[in-house]
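*Asks:* Structure file coords.cif (mmCIF, N, CA and C atoms) right here:
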data_input
loop_
_atom_site.label_atom_id
_atom_site.label_comp_id
_atom_site.auth_asym_id
_atom_site.auth_seq_id
_atom_site.Cartn_x
_atom_site.Cartn_y
_atom_site.Cartn_z
N MET A 161 -39.75 -64.60 -32.94
CA MET A 161 -40.30 -63.53 -33.75
C MET A 161 -40.78 -62.41 -32.83
N GLU A 162 -40.30 -61.19 -33.08
CA GLU A 162 -40.68 -60.05 -32.26
C GLU A 162 -42.00 -59.48 -32.74
N SER A 163 -42.80 -59.10 -31.78
CA SER A 163 -44.08 -58.48 -32.10
C SER A 163 -44.02 -57.00 -31.73
N THR A 164 -44.40 -56.17 -32.65
CA THR A 164 -44.45 -54.73 -32.37
C THR A 164 -45.85 -54.23 -32.63
N THR A 165 -46.22 -53.22 -31.90
CA THR A 165 -47.52 -52.62 -32.09
C THR A 165 -47.38 -51.46 -33.04
N ALA A 166 -48.13 -51.49 -34.11
CA ALA A 166 -48.09 -50.41 -35.08
C ALA A 166 -49.01 -49.29 -34.65
N ILE A 167 -48.52 -48.07 -34.80
CA ILE A 167 -49.35 -46.90 -34.52
C ILE A 167 -49.99 -46.50 -35.83
N PRO A 168 -51.32 -46.49 -35.87
CA PRO A 168 -51.98 -46.13 -37.12
C PRO A 168 -51.69 -44.67 -37.49
N VAL A 169 -51.36 -44.46 -38.73
CA VAL A 169 -51.09 -43.11 -39.22
C VAL A 169 -52.09 -42.84 -40.33
N SER A 170 -52.84 -41.76 -40.16
CA SER A 170 -53.82 -41.43 -41.19
C SER A 170 -53.45 -40.10 -41.82
N SER A 171 -54.04 -39.85 -42.95
CA SER A 171 -53.78 -38.58 -43.61
C SER A 171 -54.70 -37.49 -43.07
N ALA A 172 -55.64 -37.86 -42.21
CA ALA A 172 -56.54 -36.89 -41.61
C ALA A 172 -55.76 -35.99 -40.66
N ALA A 173 -56.26 -34.80 -40.46
CA ALA A 173 -55.61 -33.86 -39.55
C ALA A 173 -55.63 -34.40 -38.13
N ILE A 174 -54.51 -34.26 -37.47
CA ILE A 174 -54.40 -34.66 -36.07
C ILE A 174 -54.57 -33.39 -35.26
N MET A 175 -55.64 -33.33 -34.48
CA MET A 175 -55.97 -32.11 -33.75
C MET A 175 -55.43 -32.16 -32.32
N PRO A 176 -54.77 -31.09 -31.90
CA PRO A 176 -54.25 -31.04 -30.53
C PRO A 176 -55.38 -30.76 -29.54
N PRO A 177 -55.21 -31.19 -28.30
CA PRO A 177 -56.22 -30.86 -27.29
C PRO A 177 -56.14 -29.37 -26.96
N CYS A 178 -57.27 -28.80 -26.63
CA CYS A 178 -57.34 -27.38 -26.31
C CYS A 178 -57.41 -27.19 -24.79
N ILE A 179 -56.71 -26.19 -24.30
CA ILE A 179 -56.78 -25.86 -22.87
C ILE A 179 -57.91 -24.85 -22.68
N THR A 180 -58.95 -25.29 -21.97
CA THR A 180 -60.09 -24.42 -21.70
C THR A 180 -60.29 -24.20 -20.21
N ASP A 181 -59.46 -24.86 -19.40
CA ASP A 181 -59.61 -24.82 -17.95
C ASP A 181 -58.23 -25.09 -17.35
N VAL A 182 -57.85 -24.32 -16.34
CA VAL A 182 -56.54 -24.52 -15.72
C VAL A 182 -56.64 -25.15 -14.33
N SER A 183 -57.73 -25.87 -14.09
CA SER A 183 -57.83 -26.62 -12.84
C SER A 183 -56.89 -27.82 -12.93
N GLN A 184 -56.48 -28.34 -11.78
CA GLN A 184 -55.53 -29.46 -11.76
C GLN A 184 -56.04 -30.66 -12.53
N PRO A 185 -57.29 -31.12 -12.30
CA PRO A 185 -57.76 -32.29 -13.07
C PRO A 185 -57.80 -32.03 -14.58
N ALA A 186 -58.20 -30.82 -14.97
CA ALA A 186 -58.27 -30.49 -16.39
C ALA A 186 -56.87 -30.46 -17.01
N LEU A 187 -55.89 -29.92 -16.29
CA LEU A 187 -54.53 -29.87 -16.82
C LEU A 187 -53.89 -31.24 -16.89
N VAL A 188 -54.18 -32.10 -15.92
CA VAL A 188 -53.65 -33.47 -15.97
C VAL A 188 -54.22 -34.18 -17.19
N LYS A 189 -55.52 -34.02 -17.43
CA LYS A 189 -56.16 -34.63 -18.60
C LYS A 189 -55.56 -34.06 -19.89
N TRP A 190 -55.37 -32.74 -19.92
CA TRP A 190 -54.79 -32.10 -21.09
C TRP A 190 -53.38 -32.61 -21.35
N MET A 191 -52.57 -32.75 -20.30
CA MET A 191 -51.20 -33.23 -20.48
C MET A 191 -51.18 -34.64 -21.07
N ARG A 192 -52.08 -35.49 -20.62
CA ARG A 192 -52.17 -36.86 -21.16
C ARG A 192 -52.57 -36.81 -22.63
N GLU A 193 -53.59 -35.99 -22.94
CA GLU A 193 -54.04 -35.86 -24.34
C GLU A 193 -52.96 -35.21 -25.21
N ARG A 194 -52.22 -34.27 -24.65
CA ARG A 194 -51.15 -33.61 -25.40
C ARG A 194 -50.05 -34.61 -25.76
N GLN A 195 -49.72 -35.49 -24.81
CA GLN A 195 -48.71 -36.52 -25.07
C GLN A 195 -49.18 -37.45 -26.19
N GLU A 196 -50.46 -37.83 -26.16
CA GLU A 196 -51.02 -38.68 -27.22
C GLU A 196 -50.96 -37.96 -28.56
N TYR A 197 -51.27 -36.67 -28.56
CA TYR A 197 -51.21 -35.86 -29.77
C TYR A 197 -49.78 -35.81 -30.32
N GLU A 198 -48.81 -35.54 -29.44
CA GLU A 198 -47.41 -35.48 -29.88
C GLU A 198 -46.93 -36.83 -30.40
N ASP A 199 -47.37 -37.92 -29.76
CA ASP A 199 -47.00 -39.26 -30.24
C ASP A 199 -47.57 -39.52 -31.63
N ALA A 200 -48.82 -39.10 -31.85
CA ALA A 200 -49.46 -39.30 -33.15
C ALA A 200 -48.75 -38.48 -34.23
N VAL A 201 -48.40 -37.24 -33.91
CA VAL A 201 -47.68 -36.40 -34.88
C VAL A 201 -46.30 -36.98 -35.16
N ASP A 202 -45.65 -37.47 -34.12
CA ASP A 202 -44.33 -38.10 -34.27
C ASP A 202 -44.41 -39.31 -35.21
N ALA A 203 -45.44 -40.12 -35.02
CA ALA A 203 -45.62 -41.31 -35.88
C ALA A 203 -45.88 -40.89 -37.33
N ARG A 204 -46.71 -39.86 -37.51
CA ARG A 204 -46.99 -39.39 -38.86
C ARG A 204 -45.73 -38.86 -39.51
N CYS A 205 -44.95 -38.09 -38.77
CA CYS A 205 -43.72 -37.50 -39.32
C CYS A 205 -42.68 -38.56 -39.65
N ALA A 206 -42.64 -39.61 -38.85
CA ALA A 206 -41.70 -40.71 -39.13
C ALA A 206 -42.05 -41.39 -40.45
N THR A 207 -43.33 -41.43 -40.77
CA THR A 207 -43.79 -42.06 -42.01
C THR A 207 -43.63 -41.14 -43.21
N THR A 208 -43.99 -39.86 -43.02
CA THR A 208 -44.01 -38.93 -44.15
C THR A 208 -42.71 -38.17 -44.36
N GLY A 209 -41.84 -38.17 -43.34
CA GLY A 209 -40.60 -37.40 -43.43
C GLY A 209 -40.79 -35.93 -43.11
N GLU A 210 -41.97 -35.58 -42.68
CA GLU A 210 -42.30 -34.20 -42.33
C GLU A 210 -41.52 -33.77 -41.08
N ASP A 211 -41.21 -32.49 -40.98
CA ASP A 211 -40.51 -31.95 -39.81
C ASP A 211 -41.49 -31.84 -38.64
N LYS A 212 -41.19 -32.56 -37.56
CA LYS A 212 -42.10 -32.59 -36.40
C LYS A 212 -42.31 -31.21 -35.81
N SER A 213 -41.26 -30.40 -35.75
CA SER A 213 -41.39 -29.07 -35.15
C SER A 213 -42.36 -28.18 -35.94
N LYS A 214 -42.48 -28.44 -37.22
CA LYS A 214 -43.42 -27.68 -38.04
C LYS A 214 -44.83 -28.28 -38.00
N ALA A 215 -44.91 -29.57 -37.74
CA ALA A 215 -46.21 -30.25 -37.72
C ALA A 215 -46.96 -30.05 -36.41
N LEU A 216 -46.21 -29.88 -35.31
CA LEU A 216 -46.85 -29.71 -34.00
C LEU A 216 -47.45 -28.33 -33.85
N ARG A 217 -48.64 -28.29 -33.31
CA ARG A 217 -49.26 -27.01 -32.97
C ARG A 217 -48.75 -26.60 -31.59
N SER A 218 -48.39 -25.36 -31.43
CA SER A 218 -47.83 -24.90 -30.16
C SER A 218 -48.86 -24.95 -29.04
N VAL A 219 -48.37 -24.99 -27.81
CA VAL A 219 -49.26 -24.95 -26.65
C VAL A 219 -50.01 -23.62 -26.65
N LYS A 220 -49.32 -22.55 -26.98
CA LYS A 220 -49.94 -21.22 -27.02
C LYS A 220 -51.13 -21.21 -27.97
N ASN A 221 -51.00 -21.85 -29.12
CA ASN A 221 -52.09 -21.89 -30.09
C ASN A 221 -53.13 -22.95 -29.78
N SER A 222 -52.88 -23.74 -28.74
CA SER A 222 -53.85 -24.76 -28.30
C SER A 222 -54.70 -24.25 -27.14
N PHE A 223 -54.44 -23.03 -26.71
CA PHE A 223 -55.13 -22.42 -25.57
C PHE A 223 -56.41 -21.74 -26.02
N ASN A 224 -57.43 -21.78 -25.18
CA ASN A 224 -58.60 -20.93 -25.37
C ASN A 224 -58.09 -19.49 -25.32
N ARG A 225 -58.34 -18.73 -26.34
CA ARG A 225 -57.75 -17.38 -26.48
C ARG A 225 -58.12 -16.46 -25.31
N GLN A 226 -59.38 -16.47 -24.91
CA GLN A 226 -59.81 -15.60 -23.81
C GLN A 226 -59.15 -15.99 -22.49
N LEU A 227 -59.04 -17.29 -22.24
CA LEU A 227 -58.40 -17.77 -21.03
C LEU A 227 -56.92 -17.38 -21.01
N LEU A 228 -56.25 -17.55 -22.13
CA LEU A 228 -54.83 -17.19 -22.20
C LEU A 228 -54.64 -15.68 -22.02
N THR A 229 -55.50 -14.89 -22.61
CA THR A 229 -55.44 -13.44 -22.45
C THR A 229 -55.59 -13.05 -20.99
N THR A 230 -56.55 -13.66 -20.31
CA THR A 230 -56.79 -13.38 -18.89
C THR A 230 -55.60 -13.79 -18.03
N LEU A 231 -55.07 -14.99 -18.26
CA LEU A 231 -53.91 -15.45 -17.49
C LEU A 231 -52.71 -14.54 -17.70
N CYS A 232 -52.47 -14.17 -18.94
CA CYS A 232 -51.34 -13.28 -19.24
C CYS A 232 -51.48 -11.96 -18.50
N LYS A 233 -52.65 -11.37 -18.57
CA LYS A 233 -52.88 -10.05 -17.99
C LYS A 233 -52.90 -10.08 -16.46
N LEU A 234 -53.68 -10.98 -15.89
CA LEU A 234 -53.91 -10.96 -14.44
C LEU A 234 -52.94 -11.79 -13.62
N GLU A 235 -52.43 -12.87 -14.17
CA GLU A 235 -51.57 -13.77 -13.40
C GLU A 235 -50.09 -13.62 -13.72
N TRP A 236 -49.77 -13.44 -14.99
CA TRP A 236 -48.38 -13.50 -15.42
C TRP A 236 -47.78 -12.13 -15.72
N GLY A 237 -48.60 -11.08 -15.71
CA GLY A 237 -48.10 -9.73 -15.93
C GLY A 237 -47.49 -9.49 -17.30
N THR A 238 -48.10 -10.06 -18.32
CA THR A 238 -47.59 -9.88 -19.68
C THR A 238 -48.79 -9.81 -20.63
N THR A 239 -48.52 -9.81 -21.90
CA THR A 239 -49.59 -9.82 -22.89
C THR A 239 -49.53 -11.11 -23.69
N ILE A 240 -50.61 -11.41 -24.35
CA ILE A 240 -50.67 -12.63 -25.16
C ILE A 240 -49.67 -12.56 -26.31
N GLU A 241 -49.40 -11.37 -26.80
CA GLU A 241 -48.44 -11.21 -27.89
C GLU A 241 -47.00 -11.45 -27.42
N GLU A 242 -46.71 -11.09 -26.18
CA GLU A 242 -45.34 -11.19 -25.67
C GLU A 242 -45.01 -12.51 -24.98
N VAL A 243 -46.02 -13.23 -24.51
CA VAL A 243 -45.75 -14.46 -23.76
C VAL A 243 -45.16 -15.52 -24.69
N MET A 244 -44.12 -16.18 -24.21
CA MET A 244 -43.43 -17.19 -24.99
C MET A 244 -43.94 -18.59 -24.62
N GLU A 245 -43.76 -19.51 -25.53
CA GLU A 245 -44.18 -20.91 -25.35
C GLU A 245 -43.59 -21.50 -24.06
N GLU A 246 -42.31 -21.27 -23.84
CA GLU A 246 -41.63 -21.82 -22.66
C GLU A 246 -42.24 -21.30 -21.37
N ARG A 247 -42.63 -20.02 -21.37
CA ARG A 247 -43.25 -19.42 -20.17
C ARG A 247 -44.60 -20.07 -19.90
N ILE A 248 -45.38 -20.29 -20.93
CA ILE A 248 -46.70 -20.92 -20.75
C ILE A 248 -46.53 -22.32 -20.17
N ILE A 249 -45.63 -23.09 -20.74
CA ILE A 249 -45.39 -24.46 -20.26
C ILE A 249 -44.91 -24.43 -18.82
N SER A 250 -44.01 -23.51 -18.50
CA SER A 250 -43.49 -23.38 -17.14
C SER A 250 -44.61 -23.02 -16.16
N GLU A 251 -45.47 -22.10 -16.54
CA GLU A 251 -46.58 -21.69 -15.67
C GLU A 251 -47.56 -22.85 -15.46
N LEU A 252 -47.84 -23.61 -16.51
CA LEU A 252 -48.74 -24.77 -16.36
C LEU A 252 -48.11 -25.81 -15.45
N ASP A 253 -46.81 -26.05 -15.60
CA ASP A 253 -46.11 -26.99 -14.72
C ASP A 253 -46.16 -26.52 -13.27
N THR A 254 -46.03 -25.21 -13.06
CA THR A 254 -46.09 -24.65 -11.71
C THR A 254 -47.47 -24.85 -11.11
N ILE A 255 -48.51 -24.61 -11.89
CA ILE A 255 -49.89 -24.80 -11.40
C ILE A 255 -50.09 -26.25 -10.98
N ILE A 256 -49.71 -27.17 -11.83
CA ILE A 256 -49.88 -28.59 -11.52
C ILE A 256 -49.02 -28.98 -10.33
N GLY A 257 -47.77 -28.56 -10.32
CA GLY A 257 -46.86 -28.91 -9.24
C GLY A 257 -47.27 -28.36 -7.89
N SER A 258 -47.72 -27.11 -7.86
CA SER A 258 -48.09 -26.51 -6.57
C SER A 258 -49.33 -27.17 -6.00
N ILE A 259 -50.26 -27.51 -6.82
CA ILE A 259 -51.47 -28.19 -6.34
C ILE A 259 -51.12 -29.57 -5.85
N MET A 260 -50.27 -30.27 -6.59
CA MET A 260 -49.89 -31.62 -6.19
C MET A 260 -49.06 -31.57 -4.91
N ASN A 261 -48.16 -30.59 -4.78
CA ASN A 261 -47.33 -30.50 -3.58
C ASN A 261 -48.15 -30.15 -2.35
N ASP A 262 -49.21 -29.34 -2.52
CA ASP A 262 -50.08 -29.01 -1.39
C ASP A 262 -50.83 -30.24 -0.91
N ALA A 263 -51.05 -31.19 -1.78
CA ALA A 263 -51.81 -32.39 -1.42
C ALA A 263 -50.93 -33.45 -0.77
N ILE A 264 -49.61 -33.31 -0.88
CA ILE A 264 -48.70 -34.31 -0.31
C ILE A 264 -48.44 -33.97 1.15
N ILE A 265 -48.62 -34.93 2.00
CA ILE A 265 -48.44 -34.74 3.44
C ILE A 265 -46.96 -34.72 3.78
N ASP A 266 -46.57 -33.81 4.67
CA ASP A 266 -45.20 -33.79 5.18
C ASP A 266 -45.10 -34.87 6.25
N ILE A 267 -44.66 -36.03 5.85
CA ILE A 267 -44.67 -37.21 6.72
C ILE A 267 -43.77 -37.03 7.94
N ASP A 268 -42.67 -36.28 7.80
CA ASP A 268 -41.76 -36.07 8.93
C ASP A 268 -42.45 -35.30 10.06
N SER A 269 -43.18 -34.23 9.71
CA SER A 269 -43.84 -33.46 10.76
C SER A 269 -44.98 -34.25 11.39
N VAL A 270 -45.70 -35.03 10.59
CA VAL A 270 -46.78 -35.87 11.13
C VAL A 270 -46.19 -36.92 12.07
N PHE A 271 -45.11 -37.54 11.65
CA PHE A 271 -44.47 -38.56 12.47
C PHE A 271 -43.97 -37.97 13.79
N ASP A 272 -43.31 -36.78 13.71
CA ASP A 272 -42.82 -36.12 14.93
C ASP A 272 -43.97 -35.79 15.88
N ALA A 273 -45.06 -35.26 15.36
CA ALA A 273 -46.21 -34.90 16.20
C ALA A 273 -46.82 -36.14 16.84
N GLU A 274 -46.98 -37.19 16.05
CA GLU A 274 -47.57 -38.43 16.58
C GLU A 274 -46.65 -39.09 17.60
N LEU A 275 -45.35 -39.03 17.34
CA LEU A 275 -44.39 -39.64 18.26
C LEU A 275 -44.40 -38.90 19.60
N ARG A 276 -44.46 -37.56 19.54
CA ARG A 276 -44.53 -36.78 20.78
C ARG A 276 -45.81 -37.10 21.54
N THR A 277 -46.92 -37.20 20.83
CA THR A 277 -48.20 -37.51 21.45
C THR A 277 -48.15 -38.88 22.11
N TYR A 278 -47.60 -39.84 21.42
CA TYR A 278 -47.53 -41.20 21.94
C TYR A 278 -46.62 -41.27 23.16
N THR A 279 -45.45 -40.63 23.10
CA THR A 279 -44.52 -40.69 24.23
C THR A 279 -45.04 -39.89 25.42
N SER A 280 -45.83 -38.84 25.17
CA SER A 280 -46.41 -38.06 26.27
C SER A 280 -47.49 -38.85 26.98
N ALA A 281 -48.20 -39.69 26.25
CA ALA A 281 -49.31 -40.46 26.81
C ALA A 281 -48.82 -41.59 27.70
N THR A 282 -47.59 -42.03 27.56
CA THR A 282 -47.11 -43.16 28.37
C THR A 282 -46.50 -42.72 29.66
#
For the file at hand, write its structure as structure tokens.

*Replies:*
Amino acid sequence: MESTTAIPVSSAAIMPPCITDVSQPALVKWMRERQEYEDAVDARCATTGEDKSKALRSVKNSFNRQLLTTLCKLEWGTTIEEVMEERIISELDTIIGSIMNDAIIDIDSVFDAELRTYTSAT
């Protein structure tokens, strides 16, 4: 007998997480919460037959309005009216990726430097 875990579906509104901070830890937390939100909406739509694309709140509409306005104007060179959903997602991915890539050590250069130091010492 197969056991499956049921995802509870309620008729209550499923609220998306709001982006109020674009720091790396805040965006990682938001991405996790956003995935949970999308999973919950997906489960509700599977039960009700509702169109998922219409049930999901956009990332743009999940943003703190003032923060999005500032990012559009100062960082992305556009306006809140003109910025597209795909651009916002791409910019958020870039922020997360660049911070994560800066934290990753270039092991080849470290190894080369250490190897030179070790061979010079002998």

*Asks:* As an exercise, work out the distance from CA of Arg225 in chain A to CA of Ile249 in chain A in Å and give it to one decimal place.

*Replies:*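 Interatomic distance here is 15.5 Å.
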
*Asks:* Here's the selection I'm unsure about, the PyMOL selection byres (((chain A and resi 209-224 and name CA) around 8) and name CA); applied to the file above, which residues does it give, as a list in words?

*Replies:*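 This file gives the following for the PyMOL selection byres (((chain A and resi 209-224 and name CA) around 8) and name CA): Pro176, Pro177, Cys178, Ile179, Thr180, Glu198, Val201, Asp202, Arg204, Cys205, Ala206, Thr207, Thr208, Arg225, Gln226, Leu227, Leu228, Met244, Glu245, Ile248 and Ile249 of chain A.
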
*Asks:* Restricting the calculation to all atoms listed in the file, which member of A:Ile240, A:Val182, A:Met175, A:Leu234 is positioned closest to Tyr197 in chain A?

*Replies:* A:Met175

*Asks:* When you look at Ser183 in chain A with a cut-off of 8 Å (counting only N, CA and C atoms), what residues show up, excluding the ones that are within fewer than 6 positions of it in the same chain? I need them as a VMD selection string.

*Replies:* chain A and resid 189 255 to 256

*Asks:* Can I get the selected residues back with N, CA and C atoms, as a compact mmCIF listing (two decimals), in the coordinates of the input?

*Replies:*
# COMPACT_ATOMS: atom_id res chain seq x y z
N LYS A 189 -55.52 -34.02 -17.43
CA LYS A 189 -56.16 -34.63 -18.60
C LYS A 189 -55.56 -34.06 -19.89
N ILE A 255 -48.51 -24.61 -11.89
CA ILE A 255 -49.89 -24.80 -11.40
C ILE A 255 -50.09 -26.25 -10.98
N ILE A 256 -49.71 -27.17 -11.83
CA ILE A 256 -49.88 -28.59 -11.52
C ILE A 256 -49.02 -28.98 -10.33

*Asks:* What is the distance, in Å and to one decimal place, between CA of Ser258 in chain A and CA of Lys233 in chain A?

*Replies:*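 A separation of 20.6 Å between them.
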
*Asks:* In Å, how far is it from CA of Thr239 in chain A to CA of Ile174 in chain A?

*Replies:*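 Interatomic distance, CA of Thr239 in chain A to CA of Ile174 in chain A: 28.5 Å.
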